[in-house]
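**Q** One structure, as structure tokens, below. Some questions next.
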Amino acid sequence: MRILSGIQPSGALHLGNYFGMMKPAIELQDKGQAFYFIANYHSMTTLVDPEKRRQYSIDVALDFLACGLDPQKTVFFRQSDVPEVPELTWILSTVTPMGLLERCHSYKDKKAKLAENDLEKVNHGLFAYPVLMAADILIYDSNIVPVGRDQQQHLEVTRDIAIKFNNIYGETFVIPEALIREEVAVIPGTDGQKMSKSYGNTIEIFLDEATARKKIMGIVMDSRSVQEPKPDADNNIAIQLLKFLAPPDVAKNYEDRLRAGGLGYAELKKALFKYYWEYFSEMRVKRAELEKNLDFVYEVLKKGAEKARVQASIVLKRARKVCGID
Ligand code: ADP
Ligand code: TRP
């Protein structure tokens, strides 16, 4: 079974990325042959700073390796190191109906936001984004694609494109399935909205102690007194995060104390900081070691790309043949 997923290098990874995507993806590396990559071409549709792209790409690689991605088990690479992908993207684009892309929420949302101030920024890459993603997936004969809920529609587009191509040119592509974990569907940010870079409400996985403490102590709370019982304790942002970061009985105890009244928000947030800091402590050490050994990280990505290309060229050859290019 081939498991594939990608993540854009668009900033330091946060708790939403970790619990929503990285942790499940890392757990899956024992369930089949995993291919994970850094989607640096996708990042070009929104990020135009080359230095940032370079830095974020290496940051994502460091974060994944520190968090337990095992390069012995998983093929880990950069999207751009597999030139077969953009070639397949073109082939797929010729069977992709415009309407299919026009209906994509992610494109419509980005277009609406950009159109308010600068219509010029609505580039073709943003529109064709799901076709590149389809090529990413189909080129490795992927069966399972673990993603967040926001990517579900893109997976449906991938399936539609694969089915259309197979109907026109004959059986070529494996039809993939999205794997969406309902239980970790949305991790809240410091303001209670979905944790996301675009909302500025993130708590990154790897922060220095002072910054982490400041972010956690800054989590938005209401103005009820310490003593007042809080029947909605399960909605509290710190409690929700604690459920991911602390042992279940500890999180439950804080929730019960908050519900009953008598637990102050400052004490709760201090506990959250403590468990957050401990949760990532080993990974923090690992990341610092990897950072001193960047050659190893580049080597992992290079070897990963070599393995990925072997598989990609098989599928690309198949596609070129059936459509009369070869
Ligand atoms: P951001 O919203 O910060 O830009 P991305 O869209 O780059 O994050 O998300 C990368 C991956 O992390 C996706 O698979 C996405 O579903 C997952 N993810 C991001 N934020 C969250 C969150 N708050 N809760 C759960 N999963 C998330
Ligand atoms: N679009 C995905 C995201 O923003 C990243 C991505 C690119 C991806 N290609 C992919 C995810 C292929 C899964 C499979 O999160």
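Simple scheme: letters A, B, ... for chains in structure tokens order, numbers from 1 for residues in each chain, numbers from 1 for ligands in the order shown.
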What parts of region 15-217 of chain A does DSSP call strand (DSSP E or B)? I'd like the answer as a list in words.
**A**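 Matching residues for strand (DSSP E or B) in region 15-217 of chain A are Gln33, Ala34, Phe35, Tyr36, Phe37, Ile38, Val75, Phe76, Phe77, Arg78, Ile144, Val145, Pro146, Glu177, Ala178, Leu179, Pro188, Lys194 and Glu204 of chain A.
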**Q** Apply DSSP to the structure's backbone, then extract all residues of region 76-287 of chain A labelled helix (DSSP H, G or I) and return them as a ChimeraX atom specification.
**A** /A:79-81,84-93,98-102,105-117,119-121,124-138,149-169,182-184,197-199,209-217,233-235,237-245,248-260,265-279,281-287
**Q** Save out the residues we just selected, C-alpha atoms, as a short mmCIF file (atom, residue, chain, number, x, y, z; two decimals), in the first residue's frame.
**A**
data_model
loop_
_atom_site.label_atom_id
_atom_site.label_comp_id
_atom_site.auth_asym_id
_atom_site.auth_seq_id
_atom_site.Cartn_x
_atom_site.Cartn_y
_atom_site.Cartn_z
CA GLN A 79 8.55 18.09 -4.90
CA SER A 80 10.83 20.02 -7.27
CA ASP A 81 13.45 17.25 -7.28
CA GLU A 84 8.43 14.04 -13.90
CA VAL A 85 5.73 15.77 -11.80
CA PRO A 86 5.43 19.01 -13.82
CA GLU A 87 5.44 16.94 -17.03
CA LEU A 88 2.53 14.85 -15.81
CA THR A 89 0.81 18.05 -14.65
CA TRP A 90 0.64 19.22 -18.27
CA ILE A 91 -0.70 15.90 -19.49
CA LEU A 92 -3.39 15.90 -16.80
CA SER A 93 -4.32 19.52 -17.45
CA MET A 98 -12.13 24.33 -16.34
CA GLY A 99 -15.36 24.06 -14.36
CA LEU A 100 -13.84 21.49 -12.02
CA LEU A 101 -11.11 23.96 -11.01
CA GLU A 102 -13.46 26.96 -10.92
CA HIS A 105 -13.24 26.50 -2.54
CA SER A 106 -9.56 27.08 -1.91
CA TYR A 107 -9.17 28.87 -5.27
CA LYS A 108 -12.39 30.84 -4.83
CA ASP A 109 -11.38 31.96 -1.31
CA LYS A 110 -7.89 33.02 -2.33
CA LYS A 111 -9.23 34.78 -5.42
CA ALA A 112 -11.83 36.68 -3.40
CA LYS A 113 -9.20 37.79 -0.87
CA LEU A 114 -6.71 38.88 -3.53
CA ALA A 115 -9.29 40.51 -5.76
CA GLU A 116 -10.09 43.01 -3.00
CA ASN A 117 -6.70 44.66 -3.40
CA LEU A 119 -6.48 41.18 -9.14
CA GLU A 120 -3.05 40.77 -10.80
CA LYS A 121 -2.05 38.41 -8.00
CA HIS A 124 -2.67 30.76 -13.20
CA GLY A 125 -0.70 28.67 -10.68
CA LEU A 126 -3.35 29.34 -8.06
CA PHE A 127 -6.01 28.13 -10.49
CA ALA A 128 -4.05 25.08 -11.69
CA TYR A 129 -2.92 24.17 -8.15
CA PRO A 130 -5.17 21.07 -7.90
CA VAL A 131 -3.78 19.69 -11.19
CA LEU A 132 -0.23 19.83 -9.84
CA MET A 133 -1.54 18.15 -6.70
CA ALA A 134 -3.20 15.43 -8.82
CA ALA A 135 0.13 14.80 -10.55
CA ASP A 136 1.87 14.61 -7.14
CA ILE A 137 -0.53 11.89 -6.10
CA LEU A 138 -1.09 9.90 -9.29
CA ARG A 149 -10.31 18.39 5.90
CA ASP A 150 -9.38 21.50 3.90
CA GLN A 151 -7.78 19.27 1.25
CA GLN A 152 -10.72 16.92 0.78
CA GLN A 153 -12.03 18.72 -2.29
CA HIS A 154 -8.58 18.63 -3.91
CA LEU A 155 -8.57 14.87 -3.45
CA GLU A 156 -11.95 14.65 -5.15
CA VAL A 157 -10.55 16.65 -8.07
CA THR A 158 -7.60 14.24 -8.25
CA ARG A 159 -9.97 11.28 -8.42
CA ASP A 160 -12.10 12.98 -11.10
CA ILE A 161 -9.03 13.72 -13.22
CA ALA A 162 -7.72 10.15 -12.87
CA ILE A 163 -11.08 8.62 -13.78
CA LYS A 164 -11.45 10.97 -16.77
CA PHE A 165 -7.96 10.14 -18.05
CA ASN A 166 -8.55 6.40 -17.59
CA ASN A 167 -11.84 6.69 -19.50
CA ILE A 168 -10.26 8.55 -22.40
CA TYR A 169 -6.93 6.72 -22.73
CA GLU A 182 -12.14 13.21 12.26
CA GLU A 183 -10.95 13.26 15.87
CA VAL A 184 -8.25 15.82 15.18
CA LYS A 197 -0.63 30.87 9.88
CA SER A 198 -3.05 33.12 8.08
CA TYR A 199 -4.85 34.04 11.33
CA GLU A 209 11.15 29.10 25.82
CA ALA A 210 10.34 32.79 26.33
CA THR A 211 8.36 33.07 23.08
CA ALA A 212 6.47 29.86 23.76
CA ARG A 213 5.57 30.98 27.27
CA LYS A 214 4.42 34.36 25.99
CA LYS A 215 2.21 32.81 23.29
CA ILE A 216 0.64 30.32 25.69
CA MET A 217 0.07 32.90 28.44
CA ALA A 233 -14.89 24.00 30.50
CA ASP A 234 -14.58 21.64 27.53
CA ASN A 235 -14.74 24.66 25.17
CA ILE A 237 -8.89 26.68 24.39
CA ALA A 238 -6.23 25.72 26.95
CA ILE A 239 -8.21 22.63 27.99
CA GLN A 240 -8.62 21.58 24.37
CA LEU A 241 -4.87 21.90 23.76
CA LEU A 242 -4.06 20.19 27.05
CA LYS A 243 -6.00 17.14 25.83
CA PHE A 244 -3.43 16.77 23.06
CA LEU A 245 -0.35 17.58 25.13
CA PRO A 248 -5.56 12.04 29.65
CA ASP A 249 -6.05 11.92 33.45
CA VAL A 250 -4.15 15.20 33.89
CA ALA A 251 -6.19 16.97 31.22
CA LYS A 252 -9.40 15.58 32.73
CA ASN A 253 -8.40 16.80 36.20
CA TYR A 254 -7.83 20.36 34.95
CA GLU A 255 -11.11 20.27 33.07
CA ASP A 256 -12.98 19.12 36.20
CA ARG A 257 -11.34 21.79 38.34
CA LEU A 258 -12.19 24.50 35.82
CA ARG A 259 -15.78 23.31 35.61
CA ALA A 260 -16.19 23.30 39.39
CA TYR A 265 -6.71 30.85 34.02
CA ALA A 266 -3.08 31.78 34.79
CA GLU A 267 -2.52 28.50 36.62
CA LEU A 268 -4.17 26.58 33.78
CA LYS A 269 -2.00 28.26 31.15
CA LYS A 270 1.16 27.66 33.20
CA ALA A 271 0.28 23.96 33.27
CA LEU A 272 -0.35 24.00 29.53
CA PHE A 273 3.07 25.55 28.94
CA LYS A 274 4.71 22.89 31.12
CA TYR A 275 3.10 20.00 29.24
CA TYR A 276 3.75 21.61 25.85
CA TRP A 277 7.41 22.08 26.74
CA GLU A 278 7.77 18.48 27.95
CA TYR A 279 5.86 16.99 25.03
CA SER A 281 11.50 18.10 24.66
CA GLU A 282 13.12 15.06 23.00
CA MET A 283 12.18 16.33 19.56
CA ARG A 284 13.71 19.71 20.43
CA VAL A 285 17.03 18.02 21.23
CA LYS A 286 16.85 15.99 18.02
CA ARG A 287 16.12 19.10 15.97
#
**Q** Would you please work out which residue, of A:Gln227, A:Gln33, A:Gln55, A:Thr190, is nearest to ligand 1 when using only C-alpha atoms and all ligand atoms?
**A**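 Of A:Gln227, A:Gln33, A:Gln55, A:Thr190, the one nearest ligand 1 is A:Thr190, counting only C-alpha atoms and all ligand atoms.
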**Q** A:Gln311, A:Asn143, A:Thr96, A:Thr172: which is nearest ligand 2, counting only C-alpha atoms and all ligand atoms?
**A** A:Asn143
**Q** List all protein, DNA and RNA residues that have at least one atom no more than 10 Å from any atom of ligand 1, counting only C-alpha atoms and all ligand atoms, and write them as a PyMOL selection string.
**A** chain A and resi 5-22+25+43+146-152+180-189+192-202+204
**Q** Kindly indicate which residue among A:Leu69, A:Lys23, A:Tyr56, A:Ala288 lies nearest to Ile38 (chain A), using only C-alpha atoms for the distances.
**A**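 Closest to Ile38 (chain A), using only C-alpha atoms: A:Tyr56.
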